[in-house]
Structures are given as C-alpha cells and as structure tokens.
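Asks: Provided below: protein.cif, containing mmCIF, C-alpha atoms.
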```
data_input
#
loop_
_atom_site.group_PDB
_atom_site.id
_atom_site.type_symbol
_atom_site.label_atom_id
_atom_site.label_comp_id
_atom_site.auth_asym_id
_atom_site.auth_seq_id
_atom_site.Cartn_x
_atom_site.Cartn_y
_atom_site.Cartn_z
ATOM 1 C CA MET P 1 -25.024 13.313 134.040
ATOM 2 C CA ARG P 2 -24.615 13.710 130.296
ATOM 3 C CA ALA P 3 -21.272 11.924 130.497
ATOM 4 C CA ILE P 4 -22.861 9.023 132.362
ATOM 5 C CA ALA P 5 -25.695 8.910 129.824
ATOM 6 C CA GLY P 6 -23.144 8.961 127.006
ATOM 7 C CA LEU P 7 -21.201 6.138 128.593
ATOM 8 C CA TRP P 8 -24.395 4.154 129.035
ATOM 9 C CA SER P 9 -25.087 4.705 125.352
ATOM 10 C CA VAL P 10 -21.587 3.409 124.514
ATOM 11 C CA SER P 11 -22.354 0.343 126.603
ATOM 12 C CA LEU P 12 -25.624 -0.301 124.856
ATOM 13 C CA THR P 13 -24.442 0.263 121.314
ATOM 14 C CA GLY P 14 -21.001 -1.334 121.535
ATOM 15 C CA ALA P 15 -20.281 -4.949 120.790
ATOM 16 C CA GLY P 16 -21.059 -7.329 123.635
ATOM 17 C CA SER P 17 -23.441 -4.880 125.326
ATOM 18 C CA ARG P 18 -24.604 -7.513 127.829
ATOM 19 C CA LEU P 19 -21.026 -7.991 129.001
ATOM 20 C CA HIS P 20 -20.656 -4.180 129.233
ATOM 21 C CA ARG P 21 -23.780 -3.850 131.376
ATOM 22 C CA ALA P 22 -22.898 -6.802 133.593
ATOM 23 C CA LEU P 23 -19.381 -5.460 134.171
ATOM 24 C CA LEU P 24 -20.718 -1.962 134.874
ATOM 25 C CA GLY P 25 -23.164 -3.405 137.435
ATOM 26 C CA VAL P 26 -20.451 -5.394 139.211
ATOM 27 C CA THR P 27 -18.045 -2.412 139.108
ATOM 28 C CA LEU P 28 -20.605 -0.047 140.668
ATOM 29 C CA SER P 29 -21.520 -2.588 143.369
ATOM 30 C CA VAL P 30 -17.914 -3.297 144.322
ATOM 31 C CA GLY P 31 -17.140 0.451 144.122
ATOM 32 C CA LEU P 32 -19.889 1.239 146.640
ATOM 33 C CA LEU P 33 -18.657 -1.554 148.913
ATOM 34 C CA ALA P 34 -15.090 -0.213 148.671
ATOM 35 C CA LEU P 35 -16.285 3.306 149.574
ATOM 36 C CA TYR P 36 -18.191 1.915 152.565
ATOM 37 C CA MET P 37 -15.087 0.014 153.703
ATOM 38 C CA ALA P 38 -12.791 3.020 153.251
ATOM 39 C CA PHE P 39 -15.076 5.479 155.090
ATOM 40 C CA VAL P 40 -16.929 3.336 157.668
ATOM 41 C CA TYR P 41 -15.418 -0.139 158.093
ATOM 42 C CA ALA P 42 -11.737 0.848 158.299
ATOM 43 C CA PRO P 43 -10.775 2.477 161.629
ATOM 44 C CA LYS P 44 -9.505 6.047 161.895
ATOM 45 C CA GLU P 45 -5.718 6.038 161.777
ATOM 46 C CA ALA P 46 -4.190 7.126 165.128
ATOM 47 C CA THR P 47 -1.593 9.627 163.842
ATOM 48 C CA MET P 48 -3.016 10.992 160.596
ATOM 49 C CA GLY P 49 -6.736 10.815 161.330
ATOM 50 C CA HIS P 50 -9.230 10.815 158.459
ATOM 51 C CA VAL P 51 -6.643 11.967 155.877
ATOM 52 C CA GLN P 52 -5.237 8.426 155.897
ATOM 53 C CA ARG P 53 -8.455 7.279 154.143
ATOM 54 C CA ILE P 54 -7.130 8.900 150.944
ATOM 55 C CA PHE P 55 -4.571 6.104 150.893
ATOM 56 C CA TYR P 56 -7.048 3.345 149.871
ATOM 57 C CA PHE P 57 -7.947 4.932 146.543
ATOM 58 C CA HIS P 58 -4.510 6.476 146.016
ATOM 59 C CA VAL P 59 -2.848 3.033 146.127
ATOM 60 C CA GLY P 60 -5.707 1.581 144.051
ATOM 61 C CA ALA P 61 -5.136 4.175 141.332
ATOM 62 C CA ALA P 62 -1.371 3.528 141.327
ATOM 63 C CA TRP P 63 -1.945 -0.224 140.995
ATOM 64 C CA THR P 64 -4.439 0.271 138.149
ATOM 65 C CA ALA P 65 -2.086 2.612 136.284
ATOM 66 C CA SER P 66 0.689 -0.011 136.472
ATOM 67 C CA LEU P 67 -1.713 -2.675 135.204
ATOM 68 C CA ALA P 68 -2.826 -0.394 132.359
ATOM 69 C CA PHE P 69 0.769 0.279 131.273
ATOM 70 C CA PHE P 70 1.536 -3.449 131.426
ATOM 71 C CA VAL P 71 -1.356 -4.000 129.003
ATOM 72 C CA VAL P 72 0.100 -1.239 126.765
ATOM 73 C CA PHE P 73 3.403 -3.124 126.847
ATOM 74 C CA LEU P 74 1.740 -6.438 125.910
ATOM 75 C CA GLY P 75 -0.486 -4.840 123.248
ATOM 76 C CA SER P 76 2.523 -3.062 121.699
ATOM 77 C CA LEU P 77 4.563 -6.280 121.584
ATOM 78 C CA ALA P 78 1.636 -8.137 120.021
ATOM 79 C CA PHE P 79 1.152 -5.391 117.431
ATOM 80 C CA LEU P 80 4.821 -5.411 116.372
ATOM 81 C CA ARG P 81 4.665 -9.199 116.085
ATOM 82 C CA THR P 82 1.363 -9.491 114.201
ATOM 83 C CA GLN P 83 0.805 -6.023 112.659
ATOM 84 C CA ASP P 84 -2.841 -6.472 113.690
ATOM 85 C CA ARG P 85 -4.340 -3.017 114.360
ATOM 86 C CA ARG P 86 -6.627 -4.421 117.061
ATOM 87 C CA TRP P 87 -3.586 -4.809 119.336
ATOM 88 C CA ASP P 88 -2.694 -1.190 118.663
ATOM 89 C CA ALA P 89 -6.262 -0.188 119.577
ATOM 90 C CA LEU P 90 -5.924 -2.101 122.842
ATOM 91 C CA ALA P 91 -2.577 -0.421 123.631
ATOM 92 C CA LEU P 92 -3.941 3.051 122.865
ATOM 93 C CA SER P 93 -7.051 2.502 124.985
ATOM 94 C CA SER P 94 -5.037 1.185 127.909
ATOM 95 C CA ALA P 95 -2.479 4.020 127.690
ATOM 96 C CA GLU P 96 -5.259 6.595 127.876
ATOM 97 C CA ILE P 97 -6.804 4.929 130.944
ATOM 98 C CA GLY P 98 -3.344 4.567 132.499
ATOM 99 C CA VAL P 99 -2.763 8.316 132.161
ATOM 100 C CA VAL P 100 -6.135 8.976 133.850
ATOM 101 C CA PHE P 101 -5.231 6.758 136.820
ATOM 102 C CA THR P 102 -1.698 8.164 137.075
ATOM 103 C CA THR P 103 -3.253 11.649 137.199
ATOM 104 C CA ILE P 104 -5.450 10.479 140.094
ATOM 105 C CA THR P 105 -2.410 8.940 141.820
ATOM 106 C CA LEU P 106 -0.385 12.150 141.560
ATOM 107 C CA ALA P 107 -3.279 14.415 142.585
ATOM 108 C CA THR P 108 -4.395 12.366 145.599
ATOM 109 C CA GLY P 109 -0.777 11.825 146.665
ATOM 110 C CA SER P 110 -0.176 15.554 146.579
ATOM 111 C CA ILE P 111 -3.324 16.246 148.629
ATOM 112 C CA TRP P 112 -2.250 13.624 151.176
ATOM 113 C CA ALA P 113 1.293 15.069 151.287
ATOM 114 C CA LYS P 114 0.169 18.543 152.404
ATOM 115 C CA PRO P 115 -1.073 17.530 155.889
ATOM 116 C CA ALA P 116 1.430 14.624 156.179
ATOM 117 C CA TRP P 117 4.648 16.316 155.024
ATOM 118 C CA GLY P 118 3.639 19.966 155.176
ATOM 119 C CA ALA P 119 4.085 20.502 151.416
ATOM 120 C CA TRP P 120 1.947 19.786 148.350
ATOM 121 C CA TRP P 121 4.978 18.503 146.458
ATOM 122 C CA THR P 122 8.524 17.328 147.024
ATOM 123 C CA TRP P 123 10.997 15.808 144.558
ATOM 124 C CA ASP P 124 11.026 12.500 146.360
ATOM 125 C CA PRO P 125 12.166 9.500 144.195
ATOM 126 C CA ARG P 126 8.675 7.911 144.199
ATOM 127 C CA LEU P 127 6.973 11.169 143.215
ATOM 128 C CA THR P 128 9.597 12.001 140.601
ATOM 129 C CA THR P 129 9.557 8.583 138.908
ATOM 130 C CA THR P 130 5.739 8.624 138.887
ATOM 131 C CA THR P 131 5.762 12.062 137.253
ATOM 132 C CA VAL P 132 8.206 10.749 134.633
ATOM 133 C CA LEU P 133 5.829 7.813 134.038
ATOM 134 C CA TRP P 134 2.913 10.216 133.519
ATOM 135 C CA LEU P 135 5.017 12.299 131.093
ATOM 136 C CA ILE P 136 6.080 9.196 129.108
ATOM 137 C CA TYR P 137 2.502 8.135 128.441
ATOM 138 C CA VAL P 138 1.227 11.663 127.821
ATOM 139 C CA SER P 139 4.031 11.861 125.210
ATOM 140 C CA TYR P 140 2.814 8.523 123.828
ATOM 141 C CA LEU P 141 -0.651 10.023 123.291
ATOM 142 C CA ILE P 142 0.759 13.267 121.838
ATOM 143 C CA LEU P 143 3.008 11.256 119.477
ATOM 144 C CA ARG P 144 0.007 9.352 118.198
ATOM 145 C CA GLY P 145 -1.774 12.602 117.489
ATOM 146 C CA SER P 146 1.181 13.990 115.553
ATOM 147 C CA ILE P 147 1.621 11.166 112.968
ATOM 148 C CA ASP P 148 -0.977 10.961 110.206
ATOM 149 C CA GLU P 149 -0.017 7.710 108.501
ATOM 150 C CA PRO P 150 -1.821 4.945 110.505
ATOM 151 C CA ASP P 151 0.735 2.123 110.243
ATOM 152 C CA ARG P 152 3.708 4.381 110.967
ATOM 153 C CA ARG P 153 1.810 5.892 113.917
ATOM 154 C CA ALA P 154 1.044 2.434 115.321
ATOM 155 C CA ARG P 155 4.666 1.258 114.928
ATOM 156 C CA PHE P 156 6.173 4.347 116.599
ATOM 157 C CA ALA P 157 3.624 4.204 119.403
ATOM 158 C CA ALA P 158 4.344 0.500 119.979
ATOM 159 C CA VAL P 159 8.056 1.236 120.420
ATOM 160 C CA VAL P 160 7.286 4.008 122.956
ATOM 161 C CA GLY P 161 4.765 1.710 124.675
ATOM 162 C CA ILE P 162 7.429 -0.967 125.133
ATOM 163 C CA VAL P 163 10.337 1.296 126.112
ATOM 164 C CA GLY P 164 8.132 3.439 128.378
ATOM 165 C CA PHE P 165 7.175 0.431 130.460
ATOM 166 C CA VAL P 166 10.762 0.314 131.802
ATOM 167 C CA ASP P 167 9.760 3.104 134.209
ATOM 168 C CA VAL P 168 7.010 1.023 135.890
ATOM 169 C CA PRO P 169 9.361 -1.297 137.861
ATOM 170 C CA ILE P 170 11.566 1.740 138.608
ATOM 171 C CA VAL P 171 8.537 3.469 140.201
ATOM 172 C CA PHE P 172 7.790 0.342 142.231
ATOM 173 C CA LEU P 173 11.398 -0.100 143.393
ATOM 174 C CA SER P 174 12.135 3.604 143.939
ATOM 175 C CA ILE P 175 11.224 3.480 147.648
ATOM 176 C CA ARG P 176 13.643 0.590 148.127
ATOM 177 C CA LEU P 177 16.478 1.778 145.877
ATOM 178 C CA TRP P 178 16.736 5.354 147.127
ATOM 179 C CA ARG P 179 16.277 7.239 150.388
ATOM 180 C CA THR P 180 12.682 8.383 150.445
ATOM 181 C CA ILE P 181 10.028 9.830 152.730
ATOM 182 C CA HIS P 182 7.252 7.976 150.902
ATOM 183 C CA PRO P 183 5.620 5.314 153.145
ATOM 184 C CA VAL P 184 6.515 1.667 152.431
ATOM 185 C CA LEU P 185 3.265 -0.284 152.260
ATOM 186 C CA VAL P 186 4.463 -3.894 152.149
ATOM 187 C CA LYS P 187 7.344 -4.835 154.416
ATOM 188 C CA SER P 188 9.123 -8.179 154.740
ATOM 189 C CA GLU P 189 6.736 -9.185 157.562
ATOM 190 C CA GLY P 190 3.633 -8.261 155.505
ATOM 191 C CA PHE P 191 1.237 -5.301 155.493
ATOM 192 C CA ASP P 192 2.128 -2.710 158.135
ATOM 193 C CA MET P 193 -1.484 -1.855 159.134
ATOM 194 C CA ALA P 194 -4.612 -3.101 160.924
ATOM 195 C CA PRO P 195 -6.469 -6.044 159.280
ATOM 196 C CA GLU P 196 -9.568 -3.850 158.631
ATOM 197 C CA MET P 197 -7.367 -1.416 156.734
ATOM 198 C CA VAL P 198 -5.941 -4.257 154.648
ATOM 199 C CA HIS P 199 -9.513 -5.390 153.814
ATOM 200 C CA ALA P 200 -10.484 -1.844 152.795
ATOM 201 C CA LEU P 201 -7.365 -1.594 150.632
ATOM 202 C CA LEU P 202 -8.089 -4.916 148.905
ATOM 203 C CA ALA P 203 -11.687 -3.787 148.233
ATOM 204 C CA ALA P 204 -10.393 -0.543 146.679
ATOM 205 C CA LEU P 205 -7.887 -2.481 144.542
ATOM 206 C CA LEU P 206 -10.664 -4.771 143.305
ATOM 207 C CA ALA P 207 -13.014 -1.838 142.592
ATOM 208 C CA TYR P 208 -10.359 0.027 140.604
ATOM 209 C CA THR P 209 -9.362 -3.121 138.685
ATOM 210 C CA LEU P 210 -13.004 -3.696 137.681
ATOM 211 C CA LEU P 211 -13.343 -0.032 136.704
ATOM 212 C CA TYR P 212 -10.231 -0.395 134.547
ATOM 213 C CA ALA P 213 -11.638 -3.519 132.875
ATOM 214 C CA TYR P 214 -14.923 -1.736 132.181
ATOM 215 C CA LEU P 215 -13.277 1.409 130.789
ATOM 216 C CA LEU P 216 -10.952 -0.715 128.650
ATOM 217 C CA LEU P 217 -13.901 -2.625 127.227
ATOM 218 C CA VAL P 218 -15.793 0.563 126.374
ATOM 219 C CA ARG P 219 -12.770 2.431 125.021
ATOM 220 C CA THR P 220 -11.516 -0.512 122.937
ATOM 221 C CA SER P 221 -14.994 -1.059 121.442
ATOM 222 C CA LEU P 222 -15.083 2.605 120.453
ATOM 223 C CA GLU P 223 -11.601 2.440 118.923
ATOM 224 C CA ARG P 224 -12.347 -0.731 116.950
ATOM 225 C CA ARG P 225 -15.569 0.794 115.614
ATOM 226 C CA ARG P 226 -13.589 3.872 114.565
ATOM 227 C CA LEU P 227 -11.018 1.671 112.790
ATOM 228 C CA GLU P 228 -13.789 -0.149 110.931
ATOM 229 C CA LEU P 229 -15.370 3.141 109.878
ATOM 230 C CA GLU P 230 -12.009 4.533 108.718
ATOM 231 C CA ALA P 231 -11.364 1.391 106.679
ATOM 232 C CA ALA P 232 -14.839 1.563 105.152
ATOM 233 C CA LYS P 233 -14.387 5.238 104.265
ATOM 234 C CA ARG P 234 -10.989 4.556 102.747
ATOM 235 C CA ALA P 235 -12.346 1.657 100.705
ATOM 236 C CA LEU P 236 -15.188 3.883 99.462
ATOM 237 C CA ASP P 237 -12.809 6.762 98.669
ATOM 238 C CA PHE P 238 -14.769 8.870 101.106
ATOM 239 C CA TYR P 239 -11.825 11.141 102.012
ATOM 240 C CA MET N 1 -7.700 23.255 157.193
ATOM 241 C CA GLY N 2 -9.066 20.130 158.901
ATOM 242 C CA ASP N 3 -8.218 16.626 157.777
ATOM 243 C CA LEU N 4 -11.796 16.101 156.534
ATOM 244 C CA TRP N 5 -11.279 18.965 154.077
ATOM 245 C CA TYR N 6 -8.277 17.188 152.522
ATOM 246 C CA LEU N 7 -10.224 13.933 152.409
ATOM 247 C CA ALA N 8 -13.148 15.619 150.621
ATOM 248 C CA LEU N 9 -10.754 17.350 148.224
ATOM 249 C CA ALA N 10 -9.002 14.065 147.337
ATOM 250 C CA TYR N 11 -12.228 12.161 146.667
ATOM 251 C CA GLY N 12 -13.643 15.175 144.815
ATOM 252 C CA VAL N 13 -10.600 15.184 142.525
ATOM 253 C CA ILE N 14 -10.999 11.438 141.859
ATOM 254 C CA TRP N 15 -14.649 11.918 140.827
ATOM 255 C CA VAL N 16 -13.894 14.975 138.686
ATOM 256 C CA VAL N 17 -11.039 13.251 136.811
ATOM 257 C CA LEU N 18 -13.156 10.140 136.175
ATOM 258 C CA LEU N 19 -16.209 12.156 135.076
ATOM 259 C CA VAL N 20 -14.110 14.306 132.712
ATOM 260 C CA TYR N 21 -12.719 11.121 131.144
ATOM 261 C CA LEU N 22 -16.192 9.567 130.831
ATOM 262 C CA TYR N 23 -17.428 12.799 129.262
ATOM 263 C CA SER N 24 -14.549 12.747 126.746
ATOM 264 C CA ILE N 25 -15.440 9.152 125.765
ATOM 265 C CA ALA N 26 -19.091 10.158 125.369
ATOM 266 C CA ARG N 27 -18.109 13.126 123.161
ATOM 267 C CA ARG N 28 -15.986 10.899 120.939
ATOM 268 C CA GLN N 29 -18.846 8.411 120.734
ATOM 269 C CA GLU N 30 -21.147 11.236 119.596
ATOM 270 C CA GLY N 31 -18.589 12.330 116.973
ATOM 271 C CA LEU N 32 -18.274 8.779 115.691
ATOM 272 C CA GLU N 33 -22.052 8.419 115.441
ATOM 273 C CA GLN N 34 -22.166 11.631 113.391
ATOM 274 C CA GLU N 35 -19.460 10.344 111.051
ATOM 275 C CA ILE N 36 -21.316 7.053 110.638
ATOM 276 C CA LYS N 37 -24.465 9.029 109.850
ATOM 277 C CA ALA N 38 -22.584 11.065 107.220
ATOM 278 C CA VAL N 39 -21.241 7.920 105.529
ATOM 279 C CA GLN N 40 -24.675 6.342 105.752
ATOM 280 C CA GLU N 41 -26.273 9.375 104.090
ATOM 281 C CA ALA N 42 -23.630 9.319 101.354
ATOM 282 C CA LEU N 43 -24.256 5.638 100.738
ATOM 283 C CA GLU N 44 -28.001 6.066 100.684
ATOM 284 C CA GLY N 45 -27.683 8.217 97.564
ATOM 285 C CA GLU N 46 -28.570 6.627 94.216
ATOM 286 C CA PRO N 47 -25.735 4.293 93.128
ATOM 287 C CA LYS N 48 -24.299 5.092 89.710
ATOM 288 C CA SER N 49 -24.486 1.482 88.594
ATOM 289 C CA GLU N 50 -25.440 -1.953 89.834
ATOM 290 C CA GLU N 51 -21.718 -2.732 90.251
ATOM 291 C CA ASP N 52 -21.276 0.330 92.554
ATOM 292 C CA ALA N 53 -24.238 -0.769 94.643
ATOM 293 C CA ASP N 54 -22.785 -4.282 95.049
ATOM 294 C CA GLU N 55 -19.411 -2.857 96.132
ATOM 295 C CA ALA N 56 -20.983 -0.492 98.662
ATOM 296 C CA GLU N 57 -23.357 -3.047 100.187
ATOM 297 C CA PRO N 58 -21.011 -4.477 102.903
ATOM 298 C CA PHE N 59 -20.214 -0.953 104.096
ATOM 299 C CA VAL N 60 -23.873 0.021 104.194
ATOM 300 C CA SER N 61 -24.315 -2.959 106.517
ATOM 301 C CA LEU N 62 -21.378 -1.760 108.617
ATOM 302 C CA VAL N 63 -22.599 1.772 109.142
ATOM 303 C CA GLN N 64 -26.085 0.463 109.794
ATOM 304 C CA GLY N 65 -24.570 -1.679 112.569
ATOM 305 C CA GLU N 66 -25.293 -5.025 110.908
ATOM 306 C CA GLY N 67 -21.732 -6.308 111.104
ATOM 307 C CA ALA N 68 -18.288 -5.694 109.732
ATOM 308 C CA PRO N 69 -17.465 -5.687 106.020
ATOM 309 C CA PRO N 70 -15.476 -8.544 104.538
ATOM 310 C CA ALA N 71 -12.023 -8.552 106.134
ATOM 311 C CA GLY N 72 -10.122 -8.197 102.841
ATOM 312 C CA GLU N 73 -12.067 -5.141 101.736
ATOM 313 C CA ALA N 74 -12.138 -3.341 105.083
ATOM 314 C CA ARG N 75 -8.432 -3.646 105.838
ATOM 315 C CA PRO N 76 -6.626 -0.301 106.086
ATOM 316 C CA GLU N 77 -4.158 0.662 103.407
ATOM 317 C CA GLY N 78 -0.425 0.462 103.914
#
```
Let's see the structure in the file written out as structure tokens.
Replies:
Amino acid sequence: MRAIAGLWSVSLTGAGSRLHRALLGVTLSVGLLALYMAFVYAPKEATMGHVQRIFYFHVGAAWTASLAFFVVFLGSLAFLRTQDRRWDALALSSAEIGVVFTTITLATGSIWAKPAWGAWWTWDPRLTTTTVLWLIYVSYLILRGSIDEPDRRARFAAVVGIVGFVDVPIVFLSIRLWRTIHPVLVKSEGFDMAPEMVHALLAALLAYTLLYAYLLLVRTSLERRRLELEAAKRALDFY
Amino acid sequence: MGDLWYLALAYGVIWVVLLVYLYSIARRQEGLEQEIKAVQEALEGEPKSEEDADEAEPFVSLVQGEGAPPAGEARPEG
C-alpha cells in the first residue's frame, strides 16, 4: 500500500501530473479488463487446463520487455548523437523497466514449464537467449552504478544499450532458428488458438503496453528531476 | 499440485515483482525529496552577499518546484 501511495505521490508531484493520472486511470481500467478476459472470457484450454491462462501475461511481459529494450536502443543512439542527458535518462528508465518485465517473463515461463514440460527449467534456445537478454541489461544497470563520472557513465551505458539490443531479435527468432520445445505462437496461417484466446492476449498486450508507458513516464520524470537537482547542487558547490 | 496452484503462483509472482518495483520507485522519490529539502534548507540560510543571493535564486526556485534554473547554469559539468 505504501508503494502505491508513493507512486501516487510521484504522479502528483511530477511534471505533467494530469497526464500521469489519466494514463494511470486508463492503465488500471484496461488491466482489469485484461484480467477479466484472461480468467473469465477466454475458454479453458483442452490439454493444459487453467495453467494455459499464464500465457496471456507471460507473452505480454515478453512483448513489453522487447519494447522497453527498443526504447533503450533508440535513447542510447539519440544520446550519442546529441549528448543530451535527457536521452540517457530515458534509456536508463526504460532499461530498468525492461529488466522488470524480463524477470516476469522468465518467472512465469518457468512456472508454466513445470506442469507443461515436467521441469522448472530447461536450456531451451528461447529460455537461454532470454536469460542472456536479462543478464545484458542487468549488467547495463550494474555498469551505470560502477562509473562515477556522469558523461563517461552515459557514454558507456549507451554503447551497451545499443550492442545489447542485438539479442532481442535473436530471442524472437530463436524458436525458428533452432530446434526448440517452446510453443510457436504465430504460425504462417495466423494465431494457432481460439478467437477468444486471441482477444484475451491482445487485451493483455495492450494492458502491459499502457503499464510500460505509465512506468516510463513516472521513472523518467524522477530521473530528470534528479538530474536537475544534481546540476543545481554542482552549480552551487554543494558537494 | 493442481493447475490452479500454478496459475495463482504465476499471477502472484507478477504482482510481487511489480509491487517491489513500485516500492523501489517510491523509496527513490522519498530520497530525492529529502535531498531537495536539504538543498532548500542550505539555500534558506542567510546569503553572504547580494551577489550570492542573486546567483542562488534560480536554484531556490528549482528546489521549491517553481521551475528549472536557466539552462546554461544548470547544465552538468564535463
């Protein structure tokens, strides 16, 4: 509850608080709708039963993580081109959120794997490349914490943010490039599932995308405020 | 274990991870507010001269949430 209250406080005190509140309202509404569709609207899967319902938010988290790392890639490129620290703040914020969603992807995938494959974990190409992706961006965050000089830190992080993105298409293509036991969601003839399941999946994708946008807005506002304070302190010789 | 148990575990993990992240943002927000308060308190002390007070004014506005300081003065070093 305290975390929610704290987040609400971030929303109210950050720049563009009306946009924050509006986006939070839409995100919560669509999130509730997506939960309803995943648990009630979508039919029970014939073979796997209720466990299949994990899939809606597992795929949603994977999609959001890829989107977040794409934003890191764009923010890093823009920073190297302009040297504007606001791009670096955007990349950092998105990397952090991307790691959160990759953690959810790995955890929910592992929980789904136990009843489906009989093991919590297997070194399948999709699982392995996703783990590598998680490690790349955790390293990105650790690297940032280990360099004191702000401009050097931003430059190094931007390079990792650009190079690290190479793994995202590899994760996506891994189930097509290598032999894998991971299910293939989209086949040449379209989605391989009932229409209600496709609707529930699309609702989950939308809910997660909105949640990402909201978290990015809050986290970037916080980071920009911190940059402004650091600059003010430096200018005042506060250190 | 039944399939509902795995379903509950998966959604429980999603909520826990998201709440931990929200909590970490809230903690950092609290820390930032404290730092702003410290700078504000330092700036509220008696300025040594009129020139010092003029130089500090944009940053007093910043920490009081009245807007950013002039771009040239607030830019980080380096």
Asks: Take atom CA of P:Val160 and atom CA of P:Tyr140 and report the distance between them in Å, one decimal.
Replies: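 The value is 6.4 Å.
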Asks: Which residues are near stretch 71-88 of chain P? Cut-off 10 Å, only C-alpha atoms, ignore same chain within fewer than 6 positions. Put them as JSON, numbers by chain.
Replies: {"P": [65, 94, 95, 96, 98, 137, 150, 151, 153, 154, 155, 156, 157, 158, 159, 160, 161, 162, 163, 164, 165, 166, 220, 223, 224, 227], "N": [75, 76]}
Asks: Can I get the selected residues back with C-alpha atoms, as a PDB file, keeping the file's coordinate frame?
Replies:
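So the final result, stored in part.pdb, reads:
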```
ATOM      1  CA  ALA P  65      -2.086   2.612 136.284  1.00  0.00           C
ATOM      2  CA  SER P  94      -5.037   1.185 127.909  1.00  0.00           C
ATOM      3  CA  ALA P  95      -2.479   4.020 127.690  1.00  0.00           C
ATOM      4  CA  GLU P  96      -5.259   6.595 127.876  1.00  0.00           C
ATOM      5  CA  GLY P  98      -3.344   4.567 132.499  1.00  0.00           C
ATOM      6  CA  TYR P 137       2.502   8.135 128.441  1.00  0.00           C
ATOM      7  CA  PRO P 150      -1.821   4.945 110.505  1.00  0.00           C
ATOM      8  CA  ASP P 151       0.735   2.123 110.243  1.00  0.00           C
ATOM      9  CA  ARG P 153       1.810   5.892 113.917  1.00  0.00           C
ATOM     10  CA  ALA P 154       1.044   2.434 115.321  1.00  0.00           C
ATOM     11  CA  ARG P 155       4.666   1.258 114.928  1.00  0.00           C
ATOM     12  CA  PHE P 156       6.173   4.347 116.599  1.00  0.00           C
ATOM     13  CA  ALA P 157       3.624   4.204 119.403  1.00  0.00           C
ATOM     14  CA  ALA P 158       4.344   0.500 119.979  1.00  0.00           C
ATOM     15  CA  VAL P 159       8.056   1.236 120.420  1.00  0.00           C
ATOM     16  CA  VAL P 160       7.286   4.008 122.956  1.00  0.00           C
ATOM     17  CA  GLY P 161       4.765   1.710 124.675  1.00  0.00           C
ATOM     18  CA  ILE P 162       7.429  -0.967 125.133  1.00  0.00           C
ATOM     19  CA  VAL P 163      10.337   1.296 126.112  1.00  0.00           C
ATOM     20  CA  GLY P 164       8.132   3.439 128.378  1.00  0.00           C
ATOM     21  CA  PHE P 165       7.175   0.431 130.460  1.00  0.00           C
ATOM     22  CA  VAL P 166      10.762   0.314 131.802  1.00  0.00           C
ATOM     23  CA  THR P 220     -11.516  -0.512 122.937  1.00  0.00           C
ATOM     24  CA  GLU P 223     -11.601   2.440 118.923  1.00  0.00           C
ATOM     25  CA  ARG P 224     -12.347  -0.731 116.950  1.00  0.00           C
ATOM     26  CA  LEU P 227     -11.018   1.671 112.790  1.00  0.00           C
TER      27      LEU P 227
ATOM     28  CA  ARG N  75      -8.432  -3.646 105.838  1.00  0.00           C
ATOM     29  CA  PRO N  76      -6.626  -0.301 106.086  1.00  0.00           C
TER      30      PRO N  76
END
```
Asks: Considering only C-alpha atoms, state which residue in the set N:Ala26, N:Ala38, N:Leu43, N:Val20 is at the smallest distance from chain P.
Replies: N:Ala26
Asks: Nearest to chain N among P:Ile104, P:Ala38, P:His182, P:Thr27, with distances taken over only C-alpha atoms: which residue is it?
Replies: P:Ile104
Asks: Starting from the shown file, work through the PyMOL selection byres ((chain P and resi 26) around 12) and note down what comes out as a list of chain:residue names.
Replies: P:Leu19, P:His20, P:Arg21, P:Ala22, P:Leu23, P:Leu24, P:Gly25, P:Thr27, P:Leu28, P:Ser29, P:Val30, P:Gly31, P:Leu32, P:Leu33, P:Leu206, P:Ala207, P:Tyr208, P:Thr209, P:Leu210, P:Leu211, P:Ala213, P:Tyr214
Asks: Would you kindly translate the PyMOL selection byres ((chain P and resi 53) around 8) into the concrete residues it picks from this file, as a list in words?
Replies: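 Checked against the file, the PyMOL selection byres ((chain P and resi 53) around 8) matches Ala38, Phe39, Lys44, His50, Val51, Gln52, Ile54, Phe55, Tyr56 and Phe57 of chain P; Leu7 of chain N.
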Asks: Looking at only C-alpha atoms, which of P:Glu196, P:Asp124, P:Glu149, P:Glu45 is the one that sits closest to chain N?
Replies: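 Using only C-alpha atoms, chain N sits closest to P:Glu149.
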Asks: Using all atoms listed in the file, which of the listed residues (P:Ser174, P:Leu133, P:Glu230, P:Ser17) sits closest to chain N?
Replies: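 Using all atoms listed in the file, the shortest distance to chain N belongs to P:Glu230.
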Asks: I'd like the contact shell of N:Trp5 - 12 Å cut-off, all atoms listed in the file, skipping same-chain residues fewer than 2 positions apart - returned as a list in words.
Replies: Gly49, His50, Val51, Ile54, Ile111, Trp112, Lys114 and Pro115 of chain P; Met1, Gly2, Asp3, Leu7, Ala8, Leu9, Ala10, Tyr11 and Gly12 of chain N
Asks: Run the PyMOL selection byres ((chain P and resi 181) around 10) against the file shown and list the residues it catches, as a PyMOL selection string.
Replies: chain P and resi 117+122+124-126+175+178-180+182-184
Asks: I need the residues from that last selection saved to file as a PDB file, in the frame of the given file (with C-alpha atoms), if you can.
Replies:
```
ATOM      1  CA  TRP P 117       4.648  16.316 155.024  1.00  0.00           C
ATOM      2  CA  THR P 122       8.524  17.328 147.024  1.00  0.00           C
ATOM      3  CA  ASP P 124      11.026  12.500 146.360  1.00  0.00           C
ATOM      4  CA  PRO P 125      12.166   9.500 144.195  1.00  0.00           C
ATOM      5  CA  ARG P 126       8.675   7.911 144.199  1.00  0.00           C
ATOM      6  CA  ILE P 175      11.224   3.480 147.648  1.00  0.00           C
ATOM      7  CA  TRP P 178      16.736   5.354 147.127  1.00  0.00           C
ATOM      8  CA  ARG P 179      16.277   7.239 150.388  1.00  0.00           C
ATOM      9  CA  THR P 180      12.682   8.383 150.445  1.00  0.00           C
ATOM     10  CA  HIS P 182       7.252   7.976 150.902  1.00  0.00           C
ATOM     11  CA  PRO P 183       5.620   5.314 153.145  1.00  0.00           C
ATOM     12  CA  VAL P 184       6.515   1.667 152.431  1.00  0.00           C
TER      13      VAL P 184
END
```
Asks: From the list P:Leu205, P:Ala34, P:Ala61, P:Leu143, which residue is nearest chain N when using only C-alpha atoms?
Replies: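 The shortest atom-to-atom distance to chain N comes from P:Ala61.
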Asks: By how many Å are atom CA of N:Leu32 and atom CA of P:Leu90 apart?
Replies: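 Atom CA of N:Leu32 sits 17.9 Å away from atom CA of P:Leu90.
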Asks: Hey, what's within 7 Å of P:Thr105 if we count all atoms listed in the file and toss same-chain stuff fewer than 2 positions away? As a list in words, please?
Replies: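 Contacts, in chain order: His58, Ala61, Ala62, Phe101, Thr102, Thr103, Ala107, Thr108 and Gly109 of chain P.
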